[in-house]
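**Q** Take this structure, written in structure tokens, and hold onto it; I'll ask about it next.
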Amino acid sequence: MVSQSHCHGCQHWLTGREWAVCRRCRHETHTGREGICRPCLQAVRLDDDVEWVMDPDNAGARDRQLLLIFNGIAVVNALPLKKSKNGGRREQIRWKQKWAARNAVDRDDPAVLPPAVRGQLSLFAMKRTSLSIDTVRRLLARPLDGYEEAVAEAAVFAREFGLSDAWVRKVAEMIRLALAVRDAEGHDLVPEEVLDELPNFWIAVGKILTRAGMLRPRQVPTPTRRKRPAKSGYIGSPPPPPPPSPRSCRDCDAWLSGVRRQRCTACQGWHSRHKRPAGRCERCHRDGLPLKGGYCRGCCLHVYLHGPAAEAEPFTQLWMADPLAAGLWLPNGHLGYKPSNDHIERARRIEERRAARSPLVPHLAVPGQEALFVMRRDWTPLLNLDRRVESLPELTEPARRLADEFTAMMRDQQWDMNQKVVNGRTLHIVLSWLGADAPILEADVVDLARQDTNLAAKRVCQFLKARDMLIEDPSLHRDRDLEWIEQALARLPEQIATEARAWVTVLRGQGRREHEPRSYHSIRRYFSGLEPVLDNWITAGVTSLREISHDDVKKALDACQGHAARYLAVSLRSLFRALRQERLVFQNPTRGVVVSSVKSLPPSIPSDVLAGLLDRATSAAGRLVLALVAVHALPGHDVRQLLTADLSLSKGRLIVRRGLRRHTVYLEEFTHRLAAEWLSERHRRWPASTNPYLLVSQQSAMDPDHPPVTATMIKRHFRDLKLSLSQLRQDRILHEARISADPLRLMRLFGIGDTTAMRYIAAAHPERTAKLPR
């Protein structure tokens, strides 16, 4: 049971109020600055009682509005009518404008909607100007027949739908306007067409006048440009549209099922894309259809399938259009049903006869002929992606032999079906238009493959290159890291870009002093760490790296922590040392900057996590990678770079190449058996593979470029194990350090440095170090 209680809003409003007689309702209650109570303030705001605000002494007493407060429904705030001494001028001006507007309007202006004689017909129908609220204000004192009855009916209508008294007053204004128009036109009832001219509430006024018997039915159709009002309780939702019923296409009479369109998809394309002139079909004698050669689309399809004898037939085949169409392609569009094999063979014979009549397009690639203007070939007109078959010229004899050789190579190397389709189709299109008498530009093959996702260029270019049939494009073989560096330099200001470019030149070994060059991959890693710092300096107004001081470097390093700070310090030191060497800066601001090293102990993996690790590997390559990492502690980079020639099963050893150094891994029986299983599977799957790397994949096994497997392929074997490659390697070295506690053994067994070996010894035996870890 919920008990009645006082209003918290009124309780807060009473704070600091005095007990006095309200100037508006004349009741003793708590009043505010204006001398009136809170209900009267809300009544003034809601009812817009401008007469009392402008002359409260002579306006007389007003009734107090009974307010009902519901949970979740906000009540109009009782804002003061006058503000403080310094403000409130705009509020007073607003009330004065309302007062002046009401007093200035003539309550019965004879020039506005003058009444006419009842039953008299107008000789000329004049267009009425737009009706508005100002028109109503100029008719407030005019007596109108039936106005009181209509307003009473509006009050009953509002109570039925739970509408407020303010809504009744607004609707009463529109009722007055409608009745004034009725009298101006000399009618006994309000024409329903008058509702189209009302500015607001035209639906509610129509329902109320209908109940009161004052509305005459419409004689002019409703204008389509009239906007539908917002949904209210008395405005019902429009009925749902009926479900789509089966019908025929308006143009080709194809059967449509459950589609609201009037035309099928093929006829819509016949209308929009081809822009054919409309007229009367010479065969079916229907008017207003797009024609081709005097026939509509339905007749063209019928004659195309059934031959010239079908032109004299008085009927047309009934098609099944979308969404029931089977989708057979024909030059004139989609049929909409799947014909028999005889129809398919007949359509193919017609296409062969058309191709035989068309002259063979001469090949553009002629041996020994040089191009006068070098331009990129545009394959867009050839590949119309809306069609399923391209009308290609016939292959010459050398081109056919080359295509057959490519097909035999795909079969021997056991390519999957998708690779056979996309690569064979690409080579067939290139040889059809360019021939095999002269080498083919690599840019032409790449541009063709970019036109469609069902075309490929890499394998085709490798095949043509192996047979000296490809002219390589240097712009397609640029280093990706070099392109990234050039793009990053282009985004910098001119002076800073010049200094950064000099740093890149020094790292490549082309500076004033010769030294071993760094790879673009290493330079990119340095540059990616420096780029945010350079952007911050440029934003701060730095125009040259000569302006960077020792404090700027320390501030940039203080913003980073751990390994990020140490790596940034190495990059900044490399940058300013190179600029100092090239004499582009006066001093090295990184000199004397020290960043503490981060020493983290290798983690240990629980034994229950390692249990059954090998059983979860699903392939022979995955089991071999797992053994090399978890038993012999090889890093992922070394596993990817292992060569087949460095594995000797007879001697039981594996040589790991690390630059100029070599590390020998002696295989125990377990790893030896896994390596033998992987070699057997590799030879069974790719017997013709010439890739020198020990680990290959479906993409790299038959690639003529002989790339190593990607890091993603190596990590894929550890995805279901919930362990990373580095965690397994560190756990293996840490386990050996706990057993032997000999750093020399770790160095010989795993090929690691002395510093790394001592770090693992300290992690395994902290009691032997001078300082125990925290």
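Following the order of the structure tokens, chains are lettered A, B, ..., residues in each are numbered from 1, and ligands are numbered from 1.
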Excluding stretch 585-594 of chain A and its own-chain neighbours fewer than 6 positions away, which residues fall within 6 Å of it when counting only C-alpha atoms? Please give them as a list in words.
**A** Arg546, Ser549, His550, Arg573, Phe576 and Leu579 of chain A
**Q** Could you name the residues that touch stretch 468-472 of chain A at 12 Å or less, counting only C-alpha atoms, but leaving out those on the same chain fewer than 2 positions away, as a ChimeraX atom specification?
**A** /A:365,367,398-399,402,430-431,434-446,458,460-466,474-478
**Q** Could you write those residues out with C-alpha atoms, as a CSV table (one decimal), in the first residue's frame?
**A**
```csv
chain,number,residue,atom,x,y,z
A,365,ALA,CA,52.6,-7.0,-79.1
A,367,PRO,CA,58.2,-8.8,-82.0
A,398,PRO,CA,52.3,-20.2,-79.9
A,399,ALA,CA,49.9,-18.8,-77.4
A,402,LEU,CA,52.1,-21.7,-73.8
A,430,VAL,CA,46.4,-11.9,-71.7
A,431,LEU,CA,47.4,-14.4,-74.5
A,434,LEU,CA,48.6,-9.7,-76.6
A,435,GLY,CA,49.7,-13.0,-78.1
A,436,ALA,CA,52.9,-15.0,-77.4
A,437,ASP,CA,55.1,-13.7,-80.2
A,438,ALA,CA,56.7,-10.9,-78.0
A,439,PRO,CA,57.4,-10.5,-74.3
A,440,ILE,CA,54.5,-9.2,-72.2
A,441,LEU,CA,54.7,-6.2,-69.9
A,442,GLU,CA,54.3,-7.1,-66.2
A,443,ALA,CA,52.2,-3.9,-65.7
A,444,ASP,CA,49.6,-5.3,-68.2
A,445,VAL,CA,49.2,-8.5,-66.2
A,446,VAL,CA,49.0,-6.6,-62.9
A,458,LYS,CA,51.7,-13.4,-59.3
A,460,VAL,CA,51.2,-15.9,-64.2
A,461,CYS,CA,54.1,-13.4,-64.0
A,462,GLN,CA,56.4,-16.0,-62.5
A,463,PHE,CA,55.5,-18.5,-65.2
A,464,LEU,CA,56.2,-15.9,-68.0
A,465,LYS,CA,59.4,-14.8,-66.3
A,466,ALA,CA,60.8,-18.4,-66.2
A,474,PRO,CA,60.8,-1.9,-61.5
A,475,SER,CA,58.1,0.1,-59.7
A,476,LEU,CA,56.3,-3.2,-58.8
A,477,HIS,CA,59.3,-4.6,-57.1
A,478,ARG,CA,60.3,-1.9,-54.7
```
**Q** Taking 2 positions as the minimum chain separation for residues in the same chain, which residues sit within 9 Å of A:Arg524 when counting only C-alpha atoms? Answer as an NGL selection string.
**A** :A and (481-482 or 484-485 or 519-522 or 526-529)
**Q** Those selected residues, please, written with C-alpha atoms and delivered as an mmCIF file, in the first residue's frame.
**A**
```
data_model
loop_
_atom_site.group_PDB
_atom_site.id
_atom_site.type_symbol
_atom_site.label_atom_id
_atom_site.label_comp_id
_atom_site.auth_asym_id
_atom_site.auth_seq_id
_atom_site.Cartn_x
_atom_site.Cartn_y
_atom_site.Cartn_z
ATOM 1 C CA ASP A 481 59.981 -0.779 -46.048
ATOM 2 C CA LEU A 482 61.638 1.748 -48.382
ATOM 3 C CA TRP A 484 57.050 3.346 -46.024
ATOM 4 C CA ILE A 485 60.153 5.403 -45.165
ATOM 5 C CA SER A 519 68.513 -2.971 -43.839
ATOM 6 C CA TYR A 520 65.468 -0.888 -44.616
ATOM 7 C CA HIS A 521 63.529 -3.094 -42.197
ATOM 8 C CA SER A 522 65.780 -2.007 -39.305
ATOM 9 C CA TYR A 526 63.905 3.000 -35.760
ATOM 10 C CA PHE A 527 61.785 5.494 -37.702
ATOM 11 C CA SER A 528 58.462 4.132 -36.369
ATOM 12 C CA GLY A 529 59.690 4.811 -32.828
#
```
**Q** Could you work out how far atom CA of A:Asp251 lies from atom CA of A:Leu289, giving the answer in Å with one decimal?
**A**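 Going from atom CA of A:Leu289 over to atom CA of A:Asp251 covers 6.5 Å.
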**Q** Where in stretch 253-285 of chain A does DSSP assign strand (DSSP E), given as an MDAnalysis selection string?
**A** chainID A and resid 255:256 278:279
**Q** So how far away is atom CA of A:Ile548 from atom CA of A:Arg513, in Å?
**A**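 Atom-to-atom, atom CA of A:Arg513 to atom CA of A:Ile548, that is 24.2 Å.
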**Q** What's the 8 Å shell around A:Asp188, counting only C-alpha atoms, without same-chain residues fewer than 5 positions away, as a list in words?
**A**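 Skipping anything fewer than 5 positions along the chain leaves Arg118, Gly119, Arg182 and Asp183 of chain A.
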**Q** Atom CA of A:Arg425 and atom CA of A:Ala688 are how many Å apart?
**A** 23.4 Å
**Q** Counting only C-alpha atoms, give me one row per residue of stretch 646-743 of chain A with an atom at most 9 Å from an atom of stretch 757-768 of chain A, showing the shortest contact pair and its distance in Å to one decimal, sorted by chain then residue number, as a tab-separated table.
**A**
```
residue	atom	partner	partner_atom	distance
A:Gln730	CA	A:Tyr760	CA	8.7
A:Ile733	CA	A:Tyr760	CA	7.2
A:Leu734	CA	A:Tyr760	CA	5.9
A:His735	CA	A:Ala764	CA	7.9
A:Ala737	CA	A:Ile761	CA	5.6
A:Arg738	CA	A:Ala764	CA	5.1
A:Ile739	CA	A:Ala764	CA	8.9
A:Ala741	CA	A:Ile761	CA	6.0
A:Asp742	CA	A:Ile761	CA	7.5
A:Pro743	CA	A:Ala757	CA	5.3
```
**Q** With a distance cut-off of 8 Å and only C-alpha atoms, select the neighbouring residues of A:Ala20, excluding the residue or stretch itself and same-chain residues fewer than 3 positions from it, and output the selection as a PDB file with N, CA, C and O atoms, in the first residue's frame.
**A**
```pdb
ATOM      1  N   GLU A  28      -4.491  32.626   1.205  1.00  0.00           N
ATOM      2  CA  GLU A  28      -3.336  32.738   2.089  1.00  0.00           C
ATOM      3  C   GLU A  28      -2.446  31.498   1.908  1.00  0.00           C
ATOM      4  O   GLU A  28      -2.863  30.373   2.153  1.00  0.00           O
ATOM      5  N   THR A  29      -1.233  31.731   1.496  1.00  0.00           N
ATOM      6  CA  THR A  29      -0.293  30.626   1.223  1.00  0.00           C
ATOM      7  C   THR A  29       1.106  31.198   1.156  1.00  0.00           C
ATOM      8  O   THR A  29       1.328  32.392   1.424  1.00  0.00           O
ATOM      9  N   HIS A  30       2.078  30.373   0.834  1.00  0.00           N
ATOM     10  CA  HIS A  30       3.460  30.834   0.681  1.00  0.00           C
ATOM     11  C   HIS A  30       3.619  31.471  -0.688  1.00  0.00           C
ATOM     12  O   HIS A  30       3.272  30.845  -1.714  1.00  0.00           O
ATOM     13  N   THR A  31       4.152  32.673  -0.715  1.00  0.00           N
ATOM     14  CA  THR A  31       4.297  33.407  -1.975  1.00  0.00           C
ATOM     15  C   THR A  31       5.774  33.675  -2.235  1.00  0.00           C
ATOM     16  O   THR A  31       6.600  33.672  -1.332  1.00  0.00           O
ATOM     17  N   GLY A  35       4.813  37.814  -5.279  1.00  0.00           N
ATOM     18  CA  GLY A  35       3.644  37.862  -4.417  1.00  0.00           C
ATOM     19  C   GLY A  35       2.585  36.862  -4.787  1.00  0.00           C
ATOM     20  O   GLY A  35       1.417  37.023  -4.377  1.00  0.00           O
TER      21      GLY A  35
END
```
**Q** Skip stretch 172-174 of chain A itself and residues of its chain fewer than 4 positions away, then list as a PyMOL selection string all residues within 7 Å of it, counting only C-alpha atoms.
**A** chain A and resi 136+151+168+178+198
**Q** Let me see the file: selected residues, all heavy atoms, as a CSV table (one decimal), in the first residue's frame.
**A**
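For reference, part.csv as written:
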```csv
chain,number,residue,atom,x,y,z
A,136,VAL,N,-6.8,34.0,-37.1
A,136,VAL,CA,-7.7,33.7,-36.0
A,136,VAL,C,-7.9,34.8,-35.0
A,136,VAL,O,-9.0,35.1,-34.5
A,136,VAL,CB,-7.3,32.4,-35.3
A,136,VAL,CG1,-8.2,32.0,-34.2
A,136,VAL,CG2,-7.2,31.2,-36.3
A,151,VAL,N,-17.2,23.6,-30.0
A,151,VAL,CA,-16.2,23.6,-28.9
A,151,VAL,C,-16.6,22.6,-27.8
A,151,VAL,O,-15.7,21.9,-27.2
A,151,VAL,CB,-16.1,25.0,-28.4
A,151,VAL,CG1,-15.2,25.0,-27.1
A,151,VAL,CG2,-15.5,26.0,-29.4
A,168,VAL,N,-7.5,21.7,-26.2
A,168,VAL,CA,-8.9,22.1,-26.6
A,168,VAL,C,-8.9,23.6,-27.1
A,168,VAL,O,-9.5,23.9,-28.1
A,168,VAL,CB,-9.8,21.9,-25.4
A,168,VAL,CG1,-11.2,22.4,-25.8
A,168,VAL,CG2,-9.9,20.5,-25.0
A,178,ALA,N,-12.2,27.5,-39.4
A,178,ALA,CA,-12.9,26.7,-40.4
A,178,ALA,C,-14.3,27.2,-40.6
A,178,ALA,O,-14.8,27.3,-41.7
A,178,ALA,CB,-12.9,25.2,-40.0
A,198,LEU,N,-6.0,24.5,-43.3
A,198,LEU,CA,-5.7,24.8,-41.8
A,198,LEU,C,-4.3,24.5,-41.5
A,198,LEU,O,-3.7,23.6,-42.0
A,198,LEU,CB,-6.6,23.9,-40.9
A,198,LEU,CG,-8.1,24.1,-41.1
A,198,LEU,CD1,-8.8,23.2,-40.1
A,198,LEU,CD2,-8.5,25.5,-40.9
```
